[in-house]
Amino acid sequence: MRPLNTDDGDVTHKLKFVDAKPASKKDKHPYRTPTGLFIQERASKQLPGPGQHFAFGALVTWDVIHQTLDQLPDSKLIFLIRHGQAVSNYLSDALGPDEWFKWETKCGYSDNSTSWNLFDADLTDLGEAEADALNLMLRDSGWFKTLTAGLPTRAVVSPLSRCLETATRALKDLSFTATEVDENVRETLGEDTCDARRSASDPTPEDKEKLQGVCKFEQGLRSKFPHFNFPVTPGKPGARSGFGLLADADPLWTEERETQGHQTKRALGFLEDLWEFAPERVVFVVTHSGFTRSVLLAAGREPYRPQNTELVPLLLQRVQPPLREQQEQALEEDA
């Protein structure tokens, strides 16, 4: 890793930034990210294959990254972690794309000797081992202290089972100011039952049809994961009362797959809530490959698809109004 030191200790004047260009005058993009800090930025430029990169992909020392964070006003260091291998991941690889296509909208799969639940898919044994291995790196190898530099750190977790199970293992015995569950960091919505969510409450005979959703299940999130909180905080980004679920039952899953454009807007909404509800400068987000890609696109970074339990770092600055005016002027000049 190369240093980025200056004589006066100020590294910001040597940084180059990527500003995600707004699609229209009304869509002023509020974030930018410095380049040259992480290897994952090079998704199309001879990047080594996805995997847990050395130093989690840092191209400079982590001291320099935290110095940059400290010197950039209104910025956050976000660590996006993909869940471990889930049953759906295993079966899609084992069956191949053509056969998996026949099953991805079903609630379960059976090969006459073993049956698997596909709805809100759980981790496999390998997925649990992957999460345990990440915890070993973060906790026992000291990487959590290096990545956070001892700063107060918050965790945000997708409400799908594979992410809650990953967070339970991968973040075990690590110090967080709070661990939140948030609806908007879910995987690409619709069609695939593995990406549908169970309700927060257990279905009862009186409300089974309302809470069951696309597939039947017995345990709601609160019963299955009693060590997490599942508040319901409806509303659009910027109008919610905090992180949480948008409703008790899954309000987002549809039979049509979510478009990339919609998911990127959802990622921008999550970032808006993140700045609203998380005062911490460092945040861990346990999420999915599709949502990780969309957060990077929302930040102006190249899309990058992480492997299971891979950690992808992102240093993001919220753009101040004068910079937004410059973006609008550049949009007019390009018109």
# chains A, B, ... in the order shown; residues from 1 in each chain; ligands from 1
$ residues_around --residues "Phe56 in chain A" --least-positions-apart "6" --cutoff "10 Å" --atoms "only C-alpha atoms" --output "PyMOL selection string"
chain A and resi 38-40+62+79+143+147+310-313
$ residues_around --residues "Phe119 in chain A" --least-positions-apart "6" --cutoff "7 Å" --atoms "only C-alpha atoms" --output "PyMOL selection string"
chain A and resi 107-108+193-194+196+215
$ write_last_selection --atoms "N, CA and C atoms" --output "CSV table (one decimal), in the first residue's frame"
chain,number,residue,atom,x,y,z
A,107,CYS,N,-41.5,-21.8,-3.9
A,107,CYS,CA,-41.2,-21.7,-2.4
A,107,CYS,C,-40.2,-22.7,-1.9
A,108,GLY,N,-40.0,-23.8,-2.6
A,108,GLY,CA,-39.1,-24.8,-2.2
A,108,GLY,C,-38.6,-25.6,-3.4
A,193,THR,N,-38.4,-15.9,-5.0
A,193,THR,CA,-38.9,-16.0,-3.6
A,193,THR,C,-37.8,-15.9,-2.6
A,194,CYS,N,-36.6,-16.2,-2.9
A,194,CYS,CA,-35.5,-16.1,-1.9
A,194,CYS,C,-35.3,-14.6,-1.5
A,196,ALA,N,-37.9,-12.5,-1.1
A,196,ALA,CA,-39.1,-12.1,-0.4
A,196,ALA,C,-38.9,-12.2,1.1
A,215,CYS,N,-45.2,-17.0,0.2
A,215,CYS,CA,-45.0,-18.4,0.6
A,215,CYS,C,-45.4,-18.5,2.1
$ closest_atom_pairs --of "range 121-221 of chain A" --to "range 82-90 of chain A" --cutoff "8 Å" --atoms "only C-alpha atoms" --output "CSV"
residue,atom,partner,partner_atom,distance
A:Ala121,CA,A:Val87,CA,5.8
A:Asp122,CA,A:Ala86,CA,5.5
A:Leu123,CA,A:Ala86,CA,4.0
A:Thr124,CA,A:Ala86,CA,5.3
A:Leu126,CA,A:Gln85,CA,6.4
A:Gly127,CA,A:Gln85,CA,4.0
A:Glu128,CA,A:Gly84,CA,6.5
A:Glu130,CA,A:Gly84,CA,5.8
A:Ala131,CA,A:Gly84,CA,5.9
A:Arg162,CA,A:His83,CA,6.2
A:Cys163,CA,A:His83,CA,5.2
A:Thr166,CA,A:His83,CA,5.6
A:Ala167,CA,A:His83,CA,7.9
A:Cys194,CA,A:Ser88,CA,6.5
$ residues_around --residues "Thr105 in chain A" --least-positions-apart "3" --cutoff "10 Å" --atoms "only C-alpha atoms" --output "VMD selection string"
chain A and resid 100 to 102 108 118 to 119 190 to 195 214 255
$ closest_residue --among "A:Phe217, A:Asp248, A:Ser289, A:Gly235" --to "Ser201 in chain A" --atoms "only C-alpha atoms"
A:Asp248
$ closest_residue --among "A:Val156, A:Met137, A:Val185, A:Ile78" --to "Leu315 in chain A" --atoms "only C-alpha atoms"
A:Ile78
$ residues_around --residues "Ala149 in chain A" --least-positions-apart "4" --cutoff "9 Å" --atoms "only C-alpha atoms" --output "list in words"
Trp62, Asp63, His66, Phe144 and Lys145 of chain A
$ write_last_selection --atoms "N, CA, C and O atoms" --output "mmCIF file, in the first residue's frame"
data_model
loop_
_atom_site.group_PDB
_atom_site.id
_atom_site.type_symbol
_atom_site.label_atom_id
_atom_site.label_comp_id
_atom_site.auth_asym_id
_atom_site.auth_seq_id
_atom_site.Cartn_x
_atom_site.Cartn_y
_atom_site.Cartn_z
ATOM 1 N N TRP A 62 -4.604 2.370 5.938
ATOM 2 C CA TRP A 62 -5.865 2.709 6.589
ATOM 3 C C TRP A 62 -5.739 3.962 7.450
ATOM 4 O O TRP A 62 -6.726 4.672 7.672
ATOM 5 N N ASP A 63 -4.541 4.289 7.879
ATOM 6 C CA ASP A 63 -4.333 5.567 8.575
ATOM 7 C C ASP A 63 -4.655 6.731 7.642
ATOM 8 O O ASP A 63 -5.287 7.721 8.055
ATOM 9 N N HIS A 66 -8.441 7.042 7.113
ATOM 10 C CA HIS A 66 -9.107 7.707 8.229
ATOM 11 C C HIS A 66 -8.719 9.174 8.332
ATOM 12 O O HIS A 66 -9.532 10.001 8.772
ATOM 13 N N PHE A 144 -11.121 -5.174 12.796
ATOM 14 C CA PHE A 144 -12.214 -4.263 13.149
ATOM 15 C C PHE A 144 -11.648 -2.973 13.738
ATOM 16 O O PHE A 144 -12.104 -1.871 13.393
ATOM 17 N N LYS A 145 -10.661 -3.095 14.580
ATOM 18 C CA LYS A 145 -10.034 -1.906 15.158
ATOM 19 C C LYS A 145 -9.340 -1.075 14.092
ATOM 20 O O LYS A 145 -9.396 0.154 14.108
#
